[in-house]
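Structure data (mmCIF, C-alpha atoms and all ligand atoms) from target-v3.cif:
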```cif
data_model
loop_
_atom_site.label_atom_id
_atom_site.label_comp_id
_atom_site.auth_asym_id
_atom_site.auth_seq_id
_atom_site.Cartn_x
_atom_site.Cartn_y
_atom_site.Cartn_z
CA MET H 294 72.75 89.35 98.94
CA THR H 295 73.30 89.17 95.22
CA THR H 296 76.64 88.55 93.56
CA GLU H 297 76.63 92.27 92.85
CA ASN H 298 77.17 92.81 96.54
CA LEU H 299 80.05 90.38 96.67
CA VAL H 300 83.47 91.91 97.32
CA TYR H 301 85.47 88.86 98.35
CA GLU H 302 84.88 85.13 98.60
CA ARG H 303 86.98 82.03 99.12
CA PRO H 304 88.96 81.23 95.93
CA GLU H 305 87.57 78.58 93.58
CA ALA H 306 91.07 77.13 93.23
CA PHE H 307 90.70 75.85 96.80
CA THR H 308 89.01 72.59 97.67
CA GLU H 309 86.51 72.64 100.51
CA MET H 310 88.93 71.10 102.97
CA PRO H 311 89.98 73.23 105.98
CA THR H 312 93.76 73.39 106.39
CA HIS H 313 95.64 71.73 109.24
CA TYR H 314 97.79 74.82 109.80
CA CYS H 315 97.95 76.29 113.29
CA PRO H 316 95.64 79.28 113.91
CA GLY H 317 97.13 82.45 112.42
CA CYS H 318 99.95 80.72 110.53
CA THR H 319 100.65 82.65 107.33
CA HIS H 320 101.20 79.47 105.35
CA GLY H 321 97.44 79.87 104.92
CA VAL H 322 97.80 83.38 103.50
CA ALA H 323 100.42 82.15 101.03
CA HIS H 324 98.07 79.35 99.94
CA ARG H 325 95.24 81.82 99.49
CA LEU H 326 97.33 84.13 97.32
CA VAL H 327 98.40 81.26 95.07
CA ALA H 328 94.76 80.15 94.77
CA GLU H 329 93.59 83.69 93.92
CA VAL H 330 96.28 84.00 91.23
CA LEU H 331 95.36 80.63 89.69
CA ASP H 332 91.73 81.77 89.60
CA GLU H 333 92.56 85.13 88.04
CA MET H 334 94.75 83.55 85.37
CA GLY H 335 92.16 80.83 84.72
CA ILE H 336 94.79 78.08 84.91
CA VAL H 337 93.47 75.83 87.69
CA ASP H 338 92.77 73.00 85.23
CA LYS H 339 96.27 72.97 83.80
CA THR H 340 98.30 73.54 86.94
CA ILE H 341 100.29 70.86 88.75
CA GLY H 342 101.62 71.60 92.23
CA VAL H 343 104.54 69.87 93.90
CA ALA H 344 104.17 69.63 97.67
CA PRO H 345 107.17 69.56 100.01
CA VAL H 346 108.00 67.87 103.27
CA GLY H 347 107.30 70.36 106.04
CA CYS H 348 104.10 71.86 107.37
CA ALA H 349 102.87 72.24 103.78
CA VAL H 350 103.10 68.49 103.21
CA PHE H 351 99.32 68.27 102.82
CA ALA H 352 99.10 71.18 100.33
CA TYR H 353 97.73 68.70 97.78
CA ASN H 354 94.53 68.45 99.82
CA TYR H 355 93.81 72.15 99.64
CA PHE H 356 94.21 73.11 95.97
CA ALA H 357 91.77 72.02 93.28
CA THR H 358 94.72 71.43 90.95
CA ASP H 359 96.64 68.26 90.27
CA PHE H 360 99.44 67.68 92.77
CA VAL H 361 102.37 65.42 93.43
CA GLU H 362 104.27 64.99 96.69
CA ALA H 363 108.06 65.19 96.59
CA PRO H 364 110.62 63.72 98.98
CA HIS H 365 112.14 66.29 101.35
CA GLY H 366 113.87 69.05 99.36
CA ARG H 367 113.37 67.38 96.01
CA ALA H 368 110.37 69.36 94.78
CA PRO H 369 112.40 71.32 92.17
CA ALA H 370 113.75 68.06 90.72
CA MET H 371 110.27 66.56 90.58
CA ALA H 372 108.86 69.76 89.09
CA THR H 373 111.61 69.65 86.46
CA GLY H 374 110.50 66.18 85.38
CA VAL H 375 106.79 67.07 85.36
CA LYS H 376 107.35 70.27 83.38
CA ARG H 377 109.63 68.63 80.83
CA VAL H 378 107.17 65.82 80.20
CA LEU H 379 104.12 68.13 80.19
CA PRO H 380 105.45 71.49 78.98
CA ASP H 381 101.97 72.90 78.41
CA ARG H 382 101.13 72.64 82.11
CA VAL H 383 101.86 75.23 84.77
CA VAL H 384 104.07 73.64 87.41
CA PHE H 385 104.84 75.11 90.81
CA THR H 386 106.59 73.94 93.95
CA TYR H 387 105.64 75.14 97.43
CA GLN H 388 108.56 74.74 99.83
CA GLY H 389 109.63 75.72 103.33
CA ASP H 390 113.07 76.98 104.27
CA GLY H 391 114.19 73.69 105.79
CA ASP H 392 113.01 71.89 102.68
CA LEU H 393 114.43 74.34 100.15
CA ALA H 394 117.47 75.88 101.85
CA SER H 395 118.74 72.93 103.88
CA ILE H 396 118.23 69.39 102.61
CA GLY H 397 117.07 70.65 99.20
CA MET H 398 119.67 73.37 98.58
CA GLY H 399 121.28 71.38 95.77
CA GLU H 400 118.01 70.83 93.93
CA ILE H 401 116.88 74.44 94.04
CA VAL H 402 120.24 75.85 92.95
CA HIS H 403 120.53 73.52 89.98
CA ALA H 404 116.90 73.90 88.90
CA ALA H 405 117.46 77.68 88.90
CA ALA H 406 120.81 77.37 87.15
CA ARG H 407 119.24 75.22 84.43
CA GLY H 408 116.55 77.86 84.02
CA GLU H 409 113.80 75.30 84.51
CA ASN H 410 110.56 76.89 83.52
CA ILE H 411 108.89 76.33 86.89
CA THR H 412 107.58 78.58 89.67
CA VAL H 413 108.74 78.22 93.26
CA ILE H 414 106.81 79.57 96.25
CA PHE H 415 109.37 79.66 99.05
CA ILE H 416 108.11 80.07 102.63
CA ASN H 417 110.78 81.49 104.92
CA ASN H 418 109.59 81.16 108.53
CA ALA H 419 113.08 80.95 110.04
CA ASN H 420 112.65 77.44 111.40
CA TYR H 421 111.60 73.83 110.80
CA GLY H 422 107.96 74.27 111.73
CA MET H 423 106.67 70.76 111.21
CA THR H 424 109.22 68.93 113.33
CA GLY H 425 109.08 71.21 116.36
CA GLY H 426 110.82 74.47 115.56
CA GLN H 427 114.44 73.47 115.06
CA MET H 428 117.03 75.87 113.68
CA ALA H 429 116.96 76.29 109.90
CA PRO H 430 119.58 77.83 107.60
CA THR H 431 117.34 80.91 107.70
CA THR H 432 117.11 81.24 111.51
CA LEU H 433 118.12 84.76 112.53
CA PRO H 434 121.37 85.36 114.46
CA GLY H 435 120.60 85.07 118.17
CA MET H 436 117.15 83.59 117.53
CA LYS H 437 116.13 80.87 119.98
CA THR H 438 114.83 77.65 118.50
CA SER H 439 114.38 74.17 119.93
CA SER H 440 117.86 73.26 118.66
CA SER H 441 119.55 76.62 119.40
CA GLN H 442 118.27 77.22 122.88
CA SER H 443 120.61 80.05 123.77
CA GLY H 444 120.08 81.66 120.38
CA ARG H 445 121.74 80.99 117.04
CA ASP H 446 125.47 81.47 117.55
CA VAL H 447 126.88 82.59 114.22
CA GLU H 448 130.41 81.64 115.27
CA THR H 449 129.55 77.97 115.36
CA GLN H 450 126.28 77.79 113.43
CA GLY H 451 126.92 80.25 110.63
CA TYR H 452 124.88 83.08 109.22
CA PRO H 453 121.40 82.97 107.67
CA ILE H 454 121.31 82.07 104.00
CA LYS H 455 119.72 84.70 101.80
CA VAL H 456 118.28 82.48 99.11
CA SER H 457 116.78 85.15 96.84
CA GLU H 458 120.05 87.09 96.71
CA MET H 459 121.99 83.91 95.93
CA LEU H 460 119.70 82.56 93.22
CA SER H 461 119.44 85.95 91.53
CA THR H 462 123.05 85.58 90.38
CA LEU H 463 122.12 82.63 88.15
CA GLU H 464 121.63 83.13 84.43
CA GLY H 465 118.60 80.82 84.16
CA VAL H 466 116.52 82.88 86.57
CA GLY H 467 113.83 85.07 85.03
CA TYR H 468 112.14 86.36 88.17
CA CYS H 469 113.33 86.22 91.77
CA VAL H 470 111.90 88.46 94.49
CA ARG H 471 111.29 88.58 98.24
CA ARG H 472 108.01 89.72 99.78
CA SER H 473 106.41 89.50 103.23
CA LEU H 474 103.02 88.46 104.58
CA HIS H 475 102.93 90.64 107.70
CA ASP H 476 100.30 93.26 106.76
CA PRO H 477 97.61 93.94 104.14
CA LYS H 478 99.84 96.12 101.98
CA ASN H 479 102.64 93.58 101.88
CA ILE H 480 100.15 90.76 101.28
CA ARG H 481 98.90 92.63 98.21
CA LEU H 482 102.47 93.09 96.97
CA ALA H 483 103.12 89.40 97.57
CA LYS H 484 100.13 88.50 95.45
CA LYS H 485 101.33 90.70 92.60
CA ALA H 486 104.70 88.97 92.75
CA ILE H 487 103.11 85.51 92.69
CA ARG H 488 101.15 86.59 89.62
CA ALA H 489 104.32 87.87 87.95
CA ALA H 490 106.09 84.60 88.73
CA PHE H 491 103.34 82.51 87.13
CA GLU H 492 103.21 84.88 84.14
CA THR H 493 106.97 84.37 83.75
CA GLN H 494 106.43 80.64 83.50
CA VAL H 495 103.42 80.84 81.18
CA ARG H 496 105.57 82.88 78.77
CA GLY H 497 108.49 80.46 79.00
CA LEU H 498 110.84 83.07 80.44
CA GLY H 499 112.73 80.81 82.83
CA PHE H 500 112.88 79.98 86.49
CA SER H 501 110.70 82.08 88.80
CA MET H 502 110.65 82.25 92.59
CA VAL H 503 108.85 84.30 95.22
CA GLU H 504 110.34 84.13 98.70
CA LEU H 505 107.71 84.97 101.34
CA LEU H 506 108.57 85.95 104.90
CA SER H 507 106.06 84.00 106.94
CA THR H 508 105.13 83.28 110.55
CA CYS H 509 105.28 80.23 112.80
CA PRO H 510 103.36 81.35 115.91
CA THR H 511 103.40 77.88 117.43
CA ASN H 512 107.15 77.34 117.43
CA TRP H 513 108.04 80.99 117.94
CA GLY H 514 105.88 80.76 121.05
CA ILE H 515 104.03 84.03 120.47
CA THR H 516 100.53 84.97 119.33
CA PRO H 517 99.68 85.20 115.63
CA VAL H 518 99.36 89.00 115.94
CA ASN H 519 102.74 89.31 117.66
CA SER H 520 104.24 86.98 115.07
CA LEU H 521 103.38 89.52 112.37
CA LYS H 522 105.20 92.16 114.44
CA PHE H 523 108.19 89.82 114.73
CA VAL H 524 108.31 89.52 110.94
CA GLU H 525 108.13 93.27 110.52
CA GLU H 526 110.66 94.13 113.23
CA HIS H 527 113.17 91.30 112.94
CA MET H 528 112.78 89.36 109.71
CA VAL H 529 112.33 92.21 107.23
CA PRO H 530 115.57 93.95 108.37
CA ALA H 531 117.48 90.66 108.06
CA TYR H 532 115.83 89.71 104.77
CA PRO H 533 115.28 92.93 102.82
CA LEU H 534 112.21 92.91 100.61
CA GLY H 535 112.73 93.63 96.94
CA ASP H 536 113.22 92.46 93.39
CA TYR H 537 116.49 90.57 93.20
CA LYS H 538 116.21 89.63 89.56
CA VAL H 539 113.64 90.59 86.96
CA SER H 540 115.00 89.75 83.52
CA ASP H 541 114.50 92.22 80.67
CA ALA H 542 111.98 89.88 79.05
CA VAL H 543 110.00 89.59 82.29
CA LYS H 544 110.01 93.38 82.68
CA GLN H 545 108.08 93.61 79.38
CA ILE H 546 105.16 91.58 80.77
CA LYS H 547 102.00 93.65 81.03
CA ILE H 548 99.43 92.17 83.38
CA MET G 288 79.21 108.72 103.79
CA ALA G 289 81.29 105.60 104.07
CA ALA G 290 80.11 102.57 102.16
CA LYS G 291 78.08 100.03 104.08
CA GLY G 292 79.35 96.50 104.10
CA TRP G 293 79.01 93.25 105.94
CA ILE G 294 80.89 90.00 106.33
CA GLU G 295 80.18 86.34 106.94
CA VAL G 296 82.72 84.27 108.85
CA SER G 297 82.65 80.55 108.14
CA ASP G 298 82.42 78.22 111.14
CA THR G 299 84.09 75.56 109.04
CA TYR G 300 87.27 77.55 108.43
CA CYS G 301 87.69 80.18 111.18
CA LYS G 302 90.32 79.30 113.79
CA GLY G 303 89.92 82.38 116.00
CA CYS G 304 93.45 83.61 115.28
CA GLU G 305 92.44 87.30 115.65
CA LEU G 306 94.47 88.53 112.67
CA CYS G 307 91.33 89.99 111.08
CA ILE G 308 90.38 91.67 114.34
CA SER G 309 93.66 93.51 114.64
CA ALA G 310 93.66 94.45 110.92
CA CYS G 311 90.09 95.80 110.66
CA PRO G 312 90.42 99.56 110.16
CA GLN G 313 86.95 100.19 111.63
CA ASN G 314 87.57 98.12 114.79
CA VAL G 315 84.23 96.40 114.42
CA MET G 316 85.45 92.82 114.86
CA GLU G 317 85.98 90.61 117.91
CA LEU G 318 85.90 86.93 118.80
CA ASN G 319 82.40 85.73 119.52
CA MET G 320 82.81 84.31 123.03
CA ALA G 321 79.18 83.14 123.02
CA HIS G 322 79.77 80.75 120.15
CA LEU G 323 82.08 77.78 119.47
CA THR G 324 82.83 76.34 116.03
CA PRO G 325 82.67 72.55 115.55
CA LYS G 326 86.47 72.54 115.93
CA GLY G 327 86.20 74.39 119.24
CA TYR G 328 87.30 77.87 118.29
CA HIS G 329 85.58 81.13 119.15
CA PRO G 330 85.09 82.55 115.66
CA ALA G 331 85.46 86.17 114.62
CA HIS G 332 82.37 88.28 114.01
CA THR G 333 81.39 91.95 113.72
CA PHE G 334 79.96 93.16 117.01
CA LYS G 335 78.80 96.62 115.94
CA ASP G 336 77.87 98.68 112.90
CA GLY G 337 80.52 100.40 110.84
CA CYS G 338 81.78 97.69 108.47
CA THR G 339 82.60 99.34 105.14
CA GLY G 340 83.15 96.15 103.17
CA CYS G 341 86.81 97.08 102.65
CA ALA G 342 87.82 93.38 102.76
CA ILE G 343 91.02 93.97 104.69
CA CYS G 344 89.93 91.25 107.11
CA ALA G 345 89.68 88.83 104.18
CA VAL G 346 93.10 89.87 102.88
CA VAL G 347 94.82 88.88 106.13
CA CYS G 348 92.74 85.77 106.93
CA PRO G 349 94.95 82.67 106.65
CA ASP G 350 91.94 80.38 106.35
CA ALA G 351 89.89 82.11 103.67
CA ALA G 352 87.08 82.10 106.20
CA ILE G 353 85.60 85.51 105.42
CA THR G 354 83.16 86.48 102.68
CA VAL G 355 82.76 90.22 102.22
CA TYR G 356 79.78 92.12 100.84
CA ARG G 357 79.18 95.76 100.15
CA GLU G 358 76.02 97.70 99.39
CA VAL G 359 75.97 98.48 95.68
CA THR G 360 76.06 102.22 95.10
CA LYS G 361 76.90 103.08 91.49
CA SER G 362 80.09 101.82 89.86
CA VAL G 363 80.34 98.06 89.82
CA SER G 364 83.84 98.26 88.34
CA SER G 365 85.16 99.68 91.60
CA MET G 366 84.39 96.33 93.20
CA ALA G 367 87.21 94.41 91.60
CA ALA G 368 88.92 91.76 93.69
CA PRO G 369 90.41 93.47 96.71
CA VAL G 370 93.82 91.89 96.81
C1 LIG A 601 114.64 62.88 104.29
C2 LIG A 601 113.98 63.53 105.46
N1 LIG A 601 114.76 64.13 106.40
C3 LIG A 601 114.18 64.74 107.46
C4 LIG A 601 112.82 64.75 107.60
C5 LIG A 601 112.20 65.41 108.81
N2 LIG A 601 111.58 66.70 108.48
C6 LIG A 601 110.27 66.79 108.26
S1 LIG A 601 109.78 68.35 107.96
C7 LIG A 601 111.34 68.93 108.17
C8 LIG A 601 111.67 70.39 108.05
C9 LIG A 601 110.54 71.25 107.63
O1 LIG A 601 110.88 72.59 107.72
P1 LIG A 601 110.51 73.62 106.58
O2 LIG A 601 110.87 73.09 105.26
O3 LIG A 601 111.11 74.93 106.96
O4 LIG A 601 108.92 73.68 106.60
P2 LIG A 601 107.93 74.36 107.67
O5 LIG A 601 107.37 73.22 108.44
O6 LIG A 601 108.70 75.32 108.49
O7 LIG A 601 106.92 75.03 106.80
C10 LIG A 601 112.23 67.90 108.46
C11 LIG A 601 113.66 68.08 108.71
C12 LIG A 601 112.06 64.10 106.62
N3 LIG A 601 110.72 64.07 106.69
N4 LIG A 601 112.65 63.49 105.56
S1 LIG A 602 104.06 74.64 113.14
FE1 LIG A 602 104.46 76.76 112.52
S2 LIG A 602 104.64 76.72 110.26
FE2 LIG A 602 103.67 74.80 110.91
S3 LIG A 602 101.46 75.18 110.75
FE3 LIG A 602 102.05 75.60 112.88
S4 LIG A 602 102.52 77.79 112.94
FE4 LIG A 602 102.50 77.17 110.78
S1 LIG A 603 91.60 85.89 110.40
FE1 LIG A 603 90.23 84.29 109.62
S2 LIG A 603 90.68 82.48 110.88
FE2 LIG A 603 91.54 84.26 111.95
S3 LIG A 603 89.93 84.90 113.39
FE3 LIG A 603 89.66 86.10 111.50
S4 LIG A 603 88.19 84.92 110.27
FE4 LIG A 603 88.95 83.55 111.87
S1 LIG A 604 85.28 94.43 105.60
FE1 LIG A 604 86.69 95.99 106.43
S2 LIG A 604 85.41 97.14 107.89
FE2 LIG A 604 84.29 95.25 107.45
S3 LIG A 604 84.92 93.83 109.07
FE3 LIG A 604 86.31 93.47 107.34
S4 LIG A 604 88.07 94.80 107.75
FE4 LIG A 604 86.40 95.52 109.09
MG MG A 605 110.24 76.57 107.79
#
```
Would you mind writing the file out in structure tokens?
Amino acid sequence: MTTENLVYERPEAFTEMPTHYCPGCTHGVAHRLVAEVLDEMGIVDKTIGVAPVGCAVFAYNYFATDFVEAPHGRAPAMATGVKRVLPDRVVFTYQGDGDLASIGMGEIVHAAARGENITVIFINNANYGMTGGQMAPTTLPGMKTSSSQSGRDVETQGYPIKVSEMLSTLEGVGYCVRRSLHDPKNIRLAKKAIRAAFETQVRGLGFSMVELLSTCPTNWGITPVNSLKFVEEHMVPAYPLGDYKVSDAVKQIKI
Amino acid sequence: MAAKGWIEVSDTYCKGCELCISACPQNVMELNMAHLTPKGYHPAHTFKDGCTGCAICAVVCPDAAITVYREVTKSVSSMAAPV
């Protein structure tokens, strides 16, 4: 077994610590893709992550980068401060849908509107995973959660918020796309998007975000394998995958 | 002839979620019911020949638990990172 035989190994941008995520939760896949991109770009030593409140609250334990922990929803504000003080660093937030699209909606919208030169990894798993699967702004119509037990009723509880579509209308945004983590092909596309988002930041081309459709097998109450099917059959139709904004300058990037 | 590969699944990281098993195009993976990890999971392993070293199992693994190897044939450049 020489390195010549090696096809894939655990990214160097990871620490040795095993994650606390539930078995089969695609938060882990999203982490892995970020770590692989940091390795490929050779930027581990100059990257600073901003962890959210949510299941990813311990993200700082898993990446071999510097990290700070933000109050719930405030990661884009904290990342703004870090990036402005240390403009030569690569700064990213990693946020769930409760964190980003509920309590933190103000912060994300204004960070994007200001064109803050930060990268946001946005995990849309259609619920508040950490606190027991309550309804999030992203919960699908009719979807049962622990706080919408007969299914989300859009008459009283409103419709899902499509964050990528919304943010793509803002001038300061350089790159804003939605991808999914439900199969190998889509995972590869997600990784390319994460790379493009970090390249956007490294070139100073404005705010970048990758929304990732992700699973929560524990609170959805189904197996990890069936959770991937749920994403494919129910989340992708509700949250179409695609490039919502790629500025002209970002389009010129050759990777 | 298909390339010959093999994998190692880490006892430290594998949580027995079965995502790799359902993704493996060669259907050579299963949970090893004869073995428990220190955390108490039955880890994934290959139970028969046929692994091609395609690394699809590693691409879907949420815990970066899988290392993938492939027998070197000729072009090393074709072995770029799989994802
Ligand atoms: C100020 C504040 N309000 C509420 C909470 C409780 N809380 C913890 S995590 C969470 C939601 C997490 O959901 P999400 O951001 O979607 O992350 P996930 O766990 O699904 O990845 C809430 C409401 C808190 N910790 N702090
Ligand atoms: S509660 Fe849901 S989102 Fe959180 S780690 Fe478990 S499966 Fe993942
Ligand atoms: S995908 Fe990873 S964690 Fe899940 S069973 Fe396979 S090796 Fe174990
Ligand atoms: S490398 Fe490919 S063939 Fe081998 S176990 Fe993994 S998915 Fe299956
Ligand atoms: Mg969530």
Worksheet item: So, counting all atoms listed in the file, which residue among H:Met502, H:Met310, H:Leu331, H:Ile548 is closest to H:Pro369?
Response: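 Looking at the shortest contact to H:Pro369, the residue is H:Met502.
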Item to complete: Enumerate as a VMD selection string the residues belonging to chain G that approach chain H to within 8 Å, with all atoms listed in the file taken into account.
Response: chain G and resid 299 to 300 302 to 306 309 to 310 340 342 to 343 345 to 359 363 366 to 370
Response to the item:
For ligand LIG 602 (chain A), the closest of H:Asp381, H:Glu526, H:Asp390, H:Glu362 counting all atoms listed in the file is H:Asp390
Worksheet entry | 8 Å shell around ligand MG 605 (chain A) using all atoms listed in the file, listed as JSON, numbers by chain | {"H": [347, 348, 389, 390, 391, 392, 416, 417, 418, 419, 420, 421, 422, 423, 429, 509]}
Discussion item. If we count only C-alpha atoms and set the cut-off at 6 Å, which residues sit around G:Thr339, ignoring sequence neighbours fewer than 5 positions away in its own chain? Please answer as a ChimeraX atom specification.
Written reply: /G:290-292
Discussion item. Set the distance at 10 Å and use all atoms listed in the file: which residues neighbour stretch 433-441 of chain H once local chain neighbours fewer than 2 positions away are removed? I'd like the list as a PyMOL selection string.
Written reply: chain H and resi 419-421+424-431+443-448+450-454+512-514+527-528+531-532
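Atom CA of H:Ser540 sits 16.3 Å away from atom CA of H:Val413.
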Write out as an mmCIF file with C-alpha atoms, keeping the file's coordinate frame each polymer residue whose atoms come within 12 Å of H:Leu460, counting all atoms listed in the file; drop sequence neighbours fewer than 3 positions from it.
```
data_model
loop_
_atom_site.group_PDB
_atom_site.id
_atom_site.type_symbol
_atom_site.label_atom_id
_atom_site.label_comp_id
_atom_site.auth_asym_id
_atom_site.auth_seq_id
_atom_site.Cartn_x
_atom_site.Cartn_y
_atom_site.Cartn_z
ATOM 1 C CA LEU H 393 114.430 74.340 100.150
ATOM 2 C CA ALA H 394 117.470 75.880 101.850
ATOM 3 C CA MET H 398 119.670 73.370 98.580
ATOM 4 C CA GLY H 399 121.280 71.380 95.770
ATOM 5 C CA GLU H 400 118.010 70.830 93.930
ATOM 6 C CA ILE H 401 116.880 74.440 94.040
ATOM 7 C CA VAL H 402 120.240 75.850 92.950
ATOM 8 C CA HIS H 403 120.530 73.520 89.980
ATOM 9 C CA ALA H 404 116.900 73.900 88.900
ATOM 10 C CA ALA H 405 117.460 77.680 88.900
ATOM 11 C CA ALA H 406 120.810 77.370 87.150
ATOM 12 C CA ARG H 407 119.240 75.220 84.430
ATOM 13 C CA GLY H 408 116.550 77.860 84.020
ATOM 14 C CA VAL H 413 108.740 78.220 93.260
ATOM 15 C CA ILE H 454 121.310 82.070 104.000
ATOM 16 C CA LYS H 455 119.720 84.700 101.800
ATOM 17 C CA VAL H 456 118.280 82.480 99.110
ATOM 18 C CA SER H 457 116.780 85.150 96.840
ATOM 19 C CA LEU H 463 122.120 82.630 88.150
ATOM 20 C CA GLU H 464 121.630 83.130 84.430
ATOM 21 C CA GLY H 465 118.600 80.820 84.160
ATOM 22 C CA VAL H 466 116.520 82.880 86.570
ATOM 23 C CA GLY H 467 113.830 85.070 85.030
ATOM 24 C CA TYR H 468 112.140 86.360 88.170
ATOM 25 C CA CYS H 469 113.330 86.220 91.770
ATOM 26 C CA VAL H 470 111.900 88.460 94.490
ATOM 27 C CA ARG H 471 111.290 88.580 98.240
ATOM 28 C CA PHE H 500 112.880 79.980 86.490
ATOM 29 C CA SER H 501 110.700 82.080 88.800
ATOM 30 C CA MET H 502 110.650 82.250 92.590
ATOM 31 C CA VAL H 503 108.850 84.300 95.220
ATOM 32 C CA GLU H 504 110.340 84.130 98.700
ATOM 33 C CA ASP H 536 113.220 92.460 93.390
ATOM 34 C CA TYR H 537 116.490 90.570 93.200
ATOM 35 C CA LYS H 538 116.210 89.630 89.560
ATOM 36 C CA VAL H 539 113.640 90.590 86.960
#
```
Discussion item. So the first atom is atom CA of H:Val350 and the second is atom CA of G:Cys344; what is the distance between them in Å, to one decimal place?
Written reply: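 Distance reported for this atom pair: 26.6 Å.
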Practice prompt. Find the distance between atom CA of H:Gln442 and atom CA of H:Glu525 and write it in Å to one decimal.
Written response: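 Going from atom CA of H:Gln442 over to atom CA of H:Glu525 covers 22.7 Å.
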Fill in: Using only C-alpha atoms and all ligand atoms: which of H:Ser507, H:Phe356, H:Ile411, H:Lys544 has the shortest distance to ligand LIG 602 (chain A)
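The answer is H:Ser507, which sits nearest to ligand LIG 602 (chain A).
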Worksheet item: Out of H:Ile396, H:Val343, H:Val543, H:Ala349, which residue has the shortest atom-to-atom distance to ligand LIG 602 (chain A) when counting all atoms listed in the file?
Response: H:Ala349
Discussion item. Just checking: using only C-alpha atoms, which residue out of G:Asn319, G:Thr360, G:Thr324, G:Gln313 ends up closest to G:Cys341?
Written reply: G:Gln313
Practice prompt. Go through H:Val529, H:Met459, H:Met334, H:Ile515 one by one, measure the shortest atom-to-atom distance of each to ligand LIG 602 (chain A) using all atoms listed in the file, and give the residue with the smallest value.
Written response: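 Looking at the shortest contact to ligand LIG 602 (chain A), the residue is H:Ile515.
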